[in-house]
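Visitor: Structure below; questions to follow.
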Amino acid sequence: MYGGGSIFEPVKLDELAHEDPVKLAEFEARIQRGEKIEPDDWMPALYRKQVIRMIEQHAHSEIIGALPEGTWITRAPGFRRKMALLAKVQDEVGHAQLLYSAAETLGKTREQMTLDLISGKSKYSNVFNYPTFTWADSTVISWLIDAGAIVNQMANARGSYGPYCRALERICAEESFHLKYGHDAVVYLATGSSKQRQMIQEALNRWWPPIMTFFGPADKISAHTEILMRWKVKMATNDECRQQFLDMYVPKVWELTLTLPDPLLRKNEAGTWEYTEPDWEEFKQVINGKGTCNKERLAVRRMAEEKGAWVREALLKPEATYVKPLA
Amino acid sequence: MLLTSLDPRINRLQVPADWPNSAVKKQLDQWATYEVFTQKRENTPYAYVGPVHAPDLEVAFVFAKEQYSRRAACFGLWVVKTQDIQHTPYVDDNESVFNLLNIPAPATASEQSEAFEIFMLKKRGKAHTHAGTVLASGYQNALAQAKQQFGEQIPCVNIWVAPAAKILKSSEEDKDWWLTLNEKKYREPVAYKVLDKINAFKNRTTNTP
């Protein structure tokens with residue numbers, strides 16, 4: 001699972017002015033009680049829009065994230081690693097299917113989501129616009145990107161939208177293997193020959209800056225964040241997720257006597273991690289299409305869509321007409 | 001111009017570097033949906049796992065097997081077209097949807113009776129589970145029968161009803177599909193003895209001056 005800090009649309013609070021105040025109050029009371037929202041419930045248009053956006057971005061991240069790892073299946077050292085990586089990549093693509101279905105319950109079709117991905121309209125996790133130079137890079141993704149995603153997903157699993165929670169429950173169950181597999185692969189290199197140690201150190205140096213941007217920029221305390229948190233769409237701030245990630249994984253990197261390319265990185269007396277502020281200007285450039293791999297990722301996805309079209313055409317003699325899934 | 005990549009596999013695909021903006025995606029991705037239920041342990045009720053998209057029920061079954069039963073223990077699989085399921089509204093957690101529904105008293109089973117499967121949801125955000133089978137003359141009648149047989153089960157926030165004949169079910173002898181799941185140990189976290197490797201490394205590095 002690869003879902004990172006989602007990019008939410010700015011909330012225009014006047015959108016809420018058109019909502020029925022009684023229904024809105026009931027909706028908020030339900031969330032307050034800790035009950036989940038199910039597809040047929042009344043919900044504000046703004047909730048629908050933001051939840052679709054979040055789940056859709058998560059789904060796209062699973063699909064696109066499978067590309068940099070997937071290309072290493074044939075080059076993974078040894079049969080066992082090939083089998084494991086193959087299984088992991090298949091899991092990720094399956095997660096995308098679960099998530100697309102969950103988003104569909106809110107009324108956006110899979111057709112439209114696929115179109116928005118390959119036309120470049122929808123976003124996916126920005127880290128996948130960076131290249132995987134060596135096998136070691138792919139192990140860093142399997143370990144630390146998945147670890148970051150798990151932090152994010154554990155928070156989201158407590159969110160308010162029922163179908164997303166159901167999908168995340170399934171996804172979490174499969175994730176525990178990815179994290180262990182990734183950690184094992186990194187440890188293998190880090191405890192191996194000096195050449196292997198050099199490989200993993202270089203991969204860490206390359207991936208650390210993108211990883212630090214994984215959860216997105218610090219949230220400004222705004223009406224935007226406040227309302228998404230009240231509706232349990234956003235369950236933790238980007239900084240809370242980043243702190244939790246650093247707390248869990250920096251010590252695991254350091255215990256292998258590997259280093260991280262940030263001289264300011266340390267845990268202060270208050271227990272908070274200090275670090276060099278990530279380059280948000282680069283982040284903005286890359287997410288808007290200027291990264292090394294943006295073009296390649298979308299081109300490969302488009303090609304899969306085109307080259308696979310004949311299979312779908314051959315199969316497409318539906319006996320049923322489309323309705324959105326129930327849950 | 002072709003896309004150039006670090007990855008030799010991508011280069012071999014000969015992907016165009018720039019996709020023409022005019023290229024229109026064929027609309028082939030919106031298939032009908034089917035709802036999937038699995039049995040996770042022998043002799044336990046089937047539980048809802050999620051939807052698949054497919055052109056027909058049999059392809060849906062194949063997709064469902066791949067999507068929902070390739071990782072965790074499974075003893076049976078049911079697949080049914082979404083449109084063949086009728087459902088009640090959702091009520092609040094801790095309420096019973098049976099109490100809120102004005103369901104006519106069940107008629108005695110007539111000759112037109114057929115079997116319906118009843119799936120009940122105990123709590124919002126959880127999964128529907130199979131409560132049992134009723135004989136009824138239609139969906140509404142099935143709901144009435146369900147109220148009589150399962151109405152005591154509280155809470156029940158939502159009910160799905162589907163004609164048994166419309167559900168494609170794996171059979172008893174199909175169970176061996178899932179026998180090999182346990183052989184793929186490399187998909188289990190316990191297969192990775194990471195701590196052993198780390199400890200061995202620490203011993204090695206602290207013992208050498």
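For the structure tokens, the naming scheme is as follows: chains receive sequential letters (A, B, ...) according to their order of presentation, residues are indexed from 1 within each chain, and ligands are indexed from 1 in presentation order.
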Considering only C-alpha atoms, return as a list in words whatever protein or nucleic-acid residues lie within 9 Å of region 8-10 of chain B, sequence-local ones (same chain, fewer than 5 positions apart) excluded.
Guide: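 Listed by chain and then number, they are Thr71, Glu296 and Val300 of chain A; Leu3 and Val15 of chain B.
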Visitor: Can you list every residue of chain B that has an atom at most 8 Å from chain A, with its nearest atom pair and the distance in Å to one decimal, using only C-alpha atoms, ordered by chain then number, as a tab-separated table?
Guide:
residue	atom	partner	partner_atom	distance
B:Leu3	CA	A:Glu296	CA	7.0
B:Ser5	CA	A:Glu296	CA	7.4
B:Leu6	CA	A:Phe133	CA	7.1
B:Asp7	CA	A:Thr71	CA	7.4
B:Arg9	CA	A:Thr71	CA	7.0
B:Ile10	CA	A:Val300	CA	7.8
B:Val15	CA	A:Ala299	CA	6.9
B:Pro16	CA	A:Ala299	CA	7.5
B:Ala17	CA	A:Ala299	CA	7.2
B:Asp18	CA	A:Ala299	CA	7.9
B:Trp19	CA	A:Ala299	CA	7.4
B:Lys25	CA	A:Leu115	CA	7.0
B:Lys26	CA	A:Ala309	CA	7.7
B:Gln27	CA	A:Glu111	CA	6.6
B:Leu28	CA	A:Arg312	CA	6.3
B:Asp29	CA	A:Glu111	CA	5.0
B:Gln30	CA	A:Glu111	CA	5.4
B:Trp31	CA	A:Tyr322	CA	6.2
B:Ala32	CA	A:Tyr322	CA	4.3
B:Thr33	CA	A:Pro325	CA	6.0
B:Tyr34	CA	A:Pro325	CA	7.4
B:Glu35	CA	A:Pro325	CA	7.4
B:Gly50	CA	A:Ala327	CA	7.2
B:Pro51	CA	A:Pro325	CA	6.4
B:Val52	CA	A:Ser101	CA	7.8
B:Ala54	CA	A:Pro318	CA	8.0
B:Pro55	CA	A:Pro318	CA	4.6
B:Asp56	CA	A:Glu319	CA	5.9
B:Gln67	CA	A:Gly94	CA	6.2
B:Arg71	CA	A:Glu174	CA	7.7
B:Lys81	CA	A:Ala320	CA	7.8
B:Thr82	CA	A:Pro325	CA	6.4
B:Gln83	CA	A:Val323	CA	7.2
B:Pro89	CA	A:Asp40	CA	7.5
B:Tyr90	CA	A:Asp40	CA	7.5
B:Asp92	CA	A:Glu35	CA	7.9
B:Asp93	CA	A:Glu35	CA	6.8
B:Arg124	CA	A:Lys36	CA	5.3
B:Gly125	CA	A:Gly162	CA	4.0
B:Lys126	CA	A:Arg166	CA	6.6
B:Ala127	CA	A:Arg166	CA	7.4
B:Tyr186	CA	A:Ala84	CA	5.8
B:Arg187	CA	A:Phe177	CA	5.9
B:Glu188	CA	A:Phe177	CA	5.4
B:Pro189	CA	A:Phe177	CA	4.4
B:Tyr192	CA	A:Lys180	CA	6.3
B:Lys193	CA	A:Asp184	CA	7.5
B:Val194	CA	A:Asp184	CA	5.3
B:Lys197	CA	A:Val187	CA	7.2
B:Ile198	CA	A:Val187	CA	7.0
B:Phe201	CA	A:Thr191	CA	6.0
B:Lys202	CA	A:Leu256	CA	7.9
Visitor: Report, in Å with one decimal, the straight-line distance from CA of Thr206 (chain B) to CA of Pro261 (chain A).
Guide: 24.0 Å
Visitor: Which residue gives the smallest distance to Thr259 (chain A) among A:Tyr275, A:Phe79, A:Trp208, A:Phe214, with only C-alpha atoms counted?
Guide: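 Smallest distance to Thr259 (chain A) is found for A:Trp208.
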Visitor: Just checking: using only C-alpha atoms, which residue out of B:Asn94, B:Asn43, B:Thr88, B:Asn203 ends up closest to Ile154 (chain B)?
Guide: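 Using only C-alpha atoms, Ile154 (chain B) sits closest to B:Asn94.
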Visitor: Can you check which residues of region 110-170 of chain B DSSP gives as strand (DSSP E or B) on the backbone and send them as a list in words?
Guide: Glu114, Ala115, Phe116, Glu117, Ile118, Phe119, Met120, Leu121, Thr129, His130, Ala131, Gly132, Thr133, Val134, Leu135, Ala136, Cys156, Asn158, Ile159, Trp160, Val161, Ala162, Pro163, Leu168 and Lys169 of chain B
Visitor: Selection from above, N, CA, C and O atoms, as a short mmCIF file (atom, residue, chain, number, x, y, z; two decimals), in the first residue's frame, can you write it?
Guide:
data_model
loop_
_atom_site.label_atom_id
_atom_site.label_comp_id
_atom_site.auth_asym_id
_atom_site.auth_seq_id
_atom_site.Cartn_x
_atom_site.Cartn_y
_atom_site.Cartn_z
N GLU B 114 -39.28 -19.69 -3.64
CA GLU B 114 -37.92 -20.09 -3.97
C GLU B 114 -37.02 -19.68 -2.81
O GLU B 114 -37.43 -18.90 -1.94
N ALA B 115 -35.78 -20.17 -2.83
CA ALA B 115 -34.86 -19.88 -1.74
C ALA B 115 -34.22 -18.50 -1.92
O ALA B 115 -33.82 -18.14 -3.03
N PHE B 116 -34.15 -17.75 -0.83
CA PHE B 116 -33.44 -16.48 -0.82
C PHE B 116 -32.37 -16.52 0.27
O PHE B 116 -32.63 -17.04 1.36
N GLU B 117 -31.20 -15.97 -0.03
CA GLU B 117 -30.15 -15.87 0.99
C GLU B 117 -30.26 -14.50 1.66
O GLU B 117 -30.46 -13.49 0.99
N ILE B 118 -30.15 -14.51 2.99
CA ILE B 118 -30.27 -13.28 3.77
C ILE B 118 -28.90 -12.92 4.36
O ILE B 118 -28.27 -13.75 5.01
N PHE B 119 -28.46 -11.69 4.12
CA PHE B 119 -27.19 -11.22 4.66
C PHE B 119 -27.46 -10.03 5.57
O PHE B 119 -28.15 -9.09 5.18
N MET B 120 -26.92 -10.08 6.78
CA MET B 120 -27.20 -9.01 7.75
C MET B 120 -25.93 -8.29 8.17
O MET B 120 -24.88 -8.90 8.30
N LEU B 121 -26.07 -6.97 8.38
CA LEU B 121 -24.94 -6.14 8.82
C LEU B 121 -25.17 -5.74 10.26
O LEU B 121 -26.17 -5.11 10.59
N THR B 129 -22.88 -10.43 6.87
CA THR B 129 -22.64 -11.87 6.95
C THR B 129 -23.93 -12.62 6.68
O THR B 129 -25.03 -12.12 6.91
N HIS B 130 -23.78 -13.84 6.22
CA HIS B 130 -24.92 -14.67 5.83
C HIS B 130 -25.65 -15.13 7.07
O HIS B 130 -25.07 -15.78 7.95
N ALA B 131 -26.94 -14.77 7.19
CA ALA B 131 -27.72 -15.16 8.36
C ALA B 131 -28.40 -16.51 8.12
O ALA B 131 -28.57 -17.29 9.05
N GLY B 132 -28.79 -16.76 6.87
CA GLY B 132 -29.45 -18.02 6.57
C GLY B 132 -30.27 -17.93 5.30
O GLY B 132 -30.22 -16.92 4.59
N THR B 133 -31.02 -19.00 5.04
CA THR B 133 -31.80 -19.09 3.81
C THR B 133 -33.28 -19.12 4.18
O THR B 133 -33.66 -19.76 5.16
N VAL B 134 -34.11 -18.41 3.42
CA VAL B 134 -35.55 -18.48 3.64
C VAL B 134 -36.25 -18.89 2.34
O VAL B 134 -35.71 -18.66 1.26
N LEU B 135 -37.41 -19.48 2.47
CA LEU B 135 -38.23 -19.78 1.29
C LEU B 135 -39.29 -18.70 1.18
O LEU B 135 -40.01 -18.43 2.14
N ALA B 136 -39.35 -18.06 0.02
CA ALA B 136 -40.29 -16.94 -0.10
C ALA B 136 -40.75 -16.79 -1.53
O ALA B 136 -40.16 -17.34 -2.46
N CYS B 156 -29.14 -4.97 13.93
CA CYS B 156 -28.99 -5.29 12.52
C CYS B 156 -29.28 -4.01 11.75
O CYS B 156 -30.41 -3.55 11.74
N ASN B 158 -28.63 -3.25 8.49
CA ASN B 158 -28.93 -3.31 7.06
C ASN B 158 -29.05 -4.77 6.63
O ASN B 158 -28.37 -5.63 7.18
N ILE B 159 -29.94 -5.03 5.67
CA ILE B 159 -30.13 -6.41 5.20
C ILE B 159 -30.02 -6.46 3.68
O ILE B 159 -30.56 -5.58 2.99
N TRP B 160 -29.34 -7.46 3.19
CA TRP B 160 -29.30 -7.72 1.75
C TRP B 160 -30.04 -9.03 1.50
O TRP B 160 -29.89 -10.00 2.25
N VAL B 161 -30.83 -9.05 0.42
CA VAL B 161 -31.59 -10.25 0.06
C VAL B 161 -31.25 -10.63 -1.38
O VAL B 161 -31.30 -9.78 -2.27
N ALA B 162 -30.91 -11.90 -1.61
CA ALA B 162 -30.61 -12.33 -2.99
C ALA B 162 -31.18 -13.72 -3.23
O ALA B 162 -31.09 -14.59 -2.36
N PRO B 163 -31.79 -13.94 -4.41
CA PRO B 163 -32.30 -15.28 -4.72
C PRO B 163 -31.14 -16.27 -4.78
O PRO B 163 -30.13 -15.99 -5.45
N LEU B 168 -23.68 -17.62 -7.78
CA LEU B 168 -22.77 -18.67 -8.26
C LEU B 168 -21.90 -19.08 -7.08
O LEU B 168 -21.18 -18.26 -6.51
N LYS B 169 -22.01 -20.36 -6.70
CA LYS B 169 -21.34 -20.82 -5.49
C LYS B 169 -20.30 -21.87 -5.82
O LYS B 169 -20.55 -22.74 -6.67
#
Visitor: Take CA of Gly151 (chain B) and CA of Asn102 (chain B) and report the distance between them in Å, one decimal.
Guide: 12.9 Å
Visitor: Mind pulling up the distance from CA of Glu152 (chain B) to CA of Ala165 (chain B)?
Guide: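 Result for CA of Ala165 (chain B) versus CA of Glu152 (chain B): 26.5 Å, one decimal.
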